[in-house]
file structure.csv (CSV, C-alpha atoms)
chain,number,residue,atom,x,y,z
A,979,MET,CA,0.0,0.0,0.0
A,980,TYR,CA,1.3,3.4,-1.0
A,981,VAL,CA,1.0,6.4,1.4
A,982,PHE,CA,1.4,9.8,-0.2
A,983,LYS,CA,3.5,12.2,1.7
A,984,GLY,CA,1.2,14.8,3.5
A,985,GLU,CA,-2.0,12.7,3.4
A,986,LYS,CA,-3.1,11.3,6.7
A,987,GLY,CA,-6.6,10.1,5.8
A,988,ILE,CA,-10.1,11.2,6.9
A,989,THR,CA,-10.2,13.3,10.0
A,990,ILE,CA,-12.6,12.8,12.9
A,991,VAL,CA,-14.1,16.3,12.2
A,992,SER,CA,-15.1,15.3,8.6
A,993,LEU,CA,-16.6,12.0,9.9
A,994,VAL,CA,-18.7,13.9,12.5
A,995,ILE,CA,-19.9,16.5,9.9
A,996,THR,CA,-20.9,13.7,7.5
A,997,LEU,CA,-22.7,11.8,10.3
A,998,ILE,CA,-24.6,14.9,11.3
A,999,LEU,CA,-25.7,15.6,7.7
A,1000,LEU,CA,-26.9,12.0,7.3
A,1001,LEU,CA,-28.9,12.3,10.5
A,1002,ILE,CA,-30.5,15.5,9.3
A,1003,ILE,CA,-31.4,14.0,6.0
A,1004,SER,CA,-32.9,10.9,7.6
A,1005,ALA,CA,-34.9,12.9,10.1
A,1006,VAL,CA,-36.5,15.0,7.3
A,1007,GLY,CA,-37.3,11.8,5.4
A,1008,VAL,CA,-38.9,10.1,8.4
A,1009,ASN,CA,-40.9,13.3,9.2
A,1010,MET,CA,-42.2,13.4,5.6
A,1011,SER,CA,-43.2,9.8,5.7
A,1012,ILE,CA,-45.1,10.2,8.9
A,1013,ASN,CA,-46.9,13.2,7.5
A,1014,GLY,CA,-47.8,11.2,4.4
A,1015,ILE,CA,-49.1,8.3,6.4
A,1016,ASN,CA,-51.3,10.6,8.6
A,1017,SER,CA,-52.6,12.4,5.5
A,1018,ALA,CA,-53.6,9.1,3.9
A,1019,LYS,CA,-55.4,8.0,7.1
A,1020,ASP,CA,-57.3,11.3,7.3
A,1021,SER,CA,-58.2,11.1,3.6
A,1022,LYS,CA,-59.6,7.5,4.2
A,1023,LEU,CA,-61.6,8.6,7.2
A,1024,ASN,CA,-63.0,11.7,5.5
A,1025,GLY,CA,-63.9,9.7,2.4
A,1026,GLU,CA,-65.7,7.1,4.4
A,1027,LEU,CA,-67.6,9.8,6.3
A,1028,GLN,CA,-68.7,11.4,3.1
A,1029,MET,CA,-69.7,8.0,1.7
A,1030,VAL,CA,-71.9,7.3,4.8
A,1031,GLN,CA,-73.5,10.7,4.5
A,1032,HIS,CA,-74.3,10.2,0.9
A,1033,ALA,CA,-75.9,6.8,1.7
A,1034,VAL,CA,-77.9,8.3,4.6
A,1035,LEU,CA,-79.3,11.1,2.5
A,1036,GLU,CA,-80.2,8.6,-0.2
A,1037,GLN,CA,-82.0,6.4,2.3
A,1038,TYR,CA,-83.8,9.5,3.7
A,1039,THR,CA,-85.0,10.3,0.1
A,1040,LYS,CA,-86.3,6.8,-0.3
A,1041,TYR,CA,-88.1,7.2,3.1
A,1042,LYS,CA,-89.6,10.5,2.1
A,1043,THR,CA,-90.9,9.1,-1.1
A,1044,THR,CA,-92.4,5.9,0.3
A,1045,ARG,CA,-92.9,6.8,4.0
A,1046,ASN,CA,-91.7,3.3,4.7
A,1047,SER,CA,-89.5,3.4,7.8
A,1048,VAL,CA,-87.6,0.3,6.6
A,1049,TYR,CA,-85.2,2.7,4.9
A,1050,LEU,CA,-84.2,4.3,8.2
A,1051,VAL,CA,-81.7,1.5,9.2
A,1052,GLY,CA,-79.7,1.4,12.3
A,1053,THR,CA,-80.4,1.2,16.0
A,1054,LYS,CA,-82.4,4.2,17.4
A,1055,ILE,CA,-80.6,6.1,20.1
A,1056,THR,CA,-81.8,9.1,22.2
A,1057,LYS,CA,-80.9,12.7,21.4
A,1058,GLU,CA,-79.1,12.7,24.7
A,1059,GLN,CA,-76.9,9.8,23.7
A,1060,ALA,CA,-76.2,11.5,20.4
A,1061,SER,CA,-75.4,14.7,22.2
A,1062,ASN,CA,-72.9,12.9,24.4
A,1063,PHE,CA,-71.1,11.6,21.3
A,1064,ALA,CA,-71.2,15.2,19.9
A,1065,ASN,CA,-69.8,16.6,23.1
A,1066,ASP,CA,-66.9,14.1,23.1
A,1067,MET,CA,-66.1,15.4,19.7
A,1068,GLY,CA,-66.5,19.1,20.6
A,1069,ILE,CA,-69.4,19.7,18.2
A,1070,THR,CA,-73.0,20.9,18.5
A,1071,LEU,CA,-75.9,18.9,16.9
A,1072,VAL,CA,-78.3,20.6,14.4
A,1073,ASN,CA,-81.4,21.9,16.1
A,1074,ILE,CA,-84.2,20.2,14.2
A,1075,PRO,CA,-87.6,21.9,14.6
A,1076,ASP,CA,-90.4,20.1,16.3
A,1077,SER,CA,-92.4,20.1,13.1
A,1078,TYR,CA,-90.3,17.2,11.8
A,1079,SER,CA,-91.8,13.8,12.5
A,1080,ASN,CA,-88.9,11.4,12.8
A,1081,LYS,CA,-86.1,13.4,14.4
A,1082,ASP,CA,-84.3,10.3,15.8
A,1083,TYR,CA,-80.7,9.6,15.7
A,1084,TYR,CA,-79.5,6.1,14.7
A,1085,LYS,CA,-76.3,4.2,15.4
A,1086,LEU,CA,-74.9,2.4,12.4
A,1087,ASP,CA,-72.7,-0.6,12.9
A,1088,LYS,CA,-71.1,-2.7,10.3
A,1089,THR,CA,-74.3,-4.6,9.6
A,1090,ALA,CA,-76.4,-1.5,9.2
A,1091,LEU,CA,-73.8,0.1,6.9
A,1092,GLU,CA,-73.9,-3.0,4.7
A,1093,GLU,CA,-77.7,-2.6,4.5
A,1094,ILE,CA,-77.3,0.8,3.0
A,1095,GLY,CA,-74.7,-0.4,0.6
A,1096,ILE,CA,-71.4,0.4,2.3
A,1097,LYS,CA,-69.1,-2.5,2.3
A,1098,ASP,CA,-65.7,-2.8,4.2
A,1099,ALA,CA,-66.5,0.0,6.7
A,1100,THR,CA,-64.4,-0.3,9.8
A,1101,ASP,CA,-66.0,2.3,12.1
A,1102,GLU,CA,-69.4,2.9,13.7
A,1103,TYR,CA,-71.4,6.1,13.1
A,1104,VAL,CA,-74.3,8.0,14.6
A,1105,VAL,CA,-76.5,9.6,12.0
A,1106,ASN,CA,-79.6,11.7,11.7
A,1107,TYR,CA,-81.5,11.1,8.4
A,1108,ILE,CA,-83.2,14.5,8.4
A,1109,SER,CA,-80.3,16.7,9.0
A,1110,GLY,CA,-77.7,14.5,7.2
A,1111,GLU,CA,-75.5,14.6,10.3
A,1112,VAL,CA,-72.9,11.9,10.4
A,1113,MET,CA,-70.5,11.3,13.3
A,1114,ASN,CA,-67.7,8.8,13.3
A,1115,ILE,CA,-67.9,7.5,16.9
A,1116,THR,CA,-65.1,5.0,16.7
A,1117,VAL,CA,-62.2,7.3,15.7
A,1118,LYS,CA,-63.9,10.7,16.5
A,1119,THR,CA,-61.1,13.0,15.2
A,1120,THR,CA,-58.5,13.1,12.5
A,1121,THR,CA,-54.8,13.2,13.2
A,1122,ASN,CA,-54.9,17.0,13.4
A,1123,ASN,CA,-57.9,16.8,15.9
A,1124,SER,CA,-60.6,17.9,13.5
A,1125,PRO,CA,-63.9,16.1,14.4
A,1126,LEU,CA,-65.1,13.4,12.0
A,1127,TYR,CA,-68.5,15.0,11.6
A,1128,THR,CA,-70.5,16.3,8.7
A,1129,LYS,CA,-74.0,17.6,8.1
A,1130,ALA,CA,-76.2,18.5,5.2
A,1131,ASN,CA,-76.1,22.2,4.2
A,1132,SER,CA,-79.8,22.3,4.5
A,1133,PHE,CA,-82.7,20.0,5.0
A,1134,SER,CA,-86.4,19.9,4.1
A,1135,ILE,CA,-89.6,18.2,5.2
call {"tool": "encode", "arguments": {"input": "structure.csv", "output": "structure tokens"}}
result
Amino acid sequence: MYVFKGEKGITIVSLVITLILLLIISAVGVNMSINGINSAKDSKLNGELQMVQHAVLEQYTKYKTTRNSVYLVGTKITKEQASNFANDMGITLVNIPDSYSNKDYYKLDKTALEEIGIKDATDEYVVNYISGEVMNITVKTTTNNSPLYTKANSFSI
């Protein structure tokens, strides 16, 4: 092995600087990966929430047309129970006027979701067919603490 005069190899300072740069680059990469994973989870949760709301509004339209309560699937729960779920999420339920006949809230489990055409749902929801309110009561919030809740812009008798 030949050693050139004046060259002593890599210094400890250059090794430390290289190590620090590699740690910074890997930390940025890990952070971006975590943000990407969280964003994908939130997109899935919000997409499922919108899909449930669409199905609920479709079921309510069928109910209004036929006045057959078979279209209002799920287990009836009291407004107080629904309010408790809403309070846990930090939201306020829609105030439905007394003139509406069926103002009930319903809990939709996997079986009820399949009845309204939603397959592979992993969470449970509380819904109100009149107001189009949908609350994810399994996860409750996204990774940035936004409530998994939606409602129709308006509703009619």
call {"tool": "closest_residue", "arguments": {"input": "structure.csv", "among": "A:Val1117, A:Glu1093, A:Thr1128, A:Ala1099", "to": "A:Leu1071", "atoms": "all atoms listed in the file"}}
result
A:Thr1128
call {"tool": "closest_residue", "arguments": {"input": "structure.csv", "among": "A:Lys1081, A:Lys1088, A:Lys1118, A:Lys1042", "to": "A:Asn1106", "atoms": "only C-alpha atoms"}}
result
A:Lys1081
call {"tool": "atom_distance", "arguments": {"input": "structure.csv", "atom1": "atom CA of A:Asp1066", "atom2": "atom CA of A:Asp1087"}}
result
18.8 Å
call {"tool": "atom_distance", "arguments": {"input": "structure.csv", "atom1": "atom CA of A:Leu1086", "atom2": "atom CA of A:Ile1015"}}
result
27.1 Å
call {"tool": "closest_residue", "arguments": {"input": "structure.csv", "among": "A:Val1112, A:Val1072, A:Leu1126, A:Leu1035", "to": "A:Lys1085", "atoms": "only C-alpha atoms"}}
result
A:Val1112
call {"tool": "atom_distance", "arguments": {"input": "structure.csv", "atom1": "atom CA of A:Val994", "atom2": "atom CA of A:Ile1012"}}
result
26.9 Å
call {"tool": "residues_near_point", "arguments": {"input": "structure.csv", "point": "(-79.9, 3.4, 19.9)", "cutoff": "10 Å", "atoms": "only C-alpha atoms", "output": "list in words"}}
result
Gly1052, Thr1053, Lys1054, Ile1055, Thr1056, Lys1057, Gln1059, Ala1060, Asp1082, Tyr1083, Tyr1084, Lys1085, Leu1086 and Val1104 of chain A
call {"tool": "closest_residue", "arguments": {"input": "structure.csv", "among": "A:Leu993, A:Ile1003, A:Thr1119, A:Gln1037", "to": "A:Phe1063", "atoms": "all atoms listed in the file"}}
result
A:Thr1119
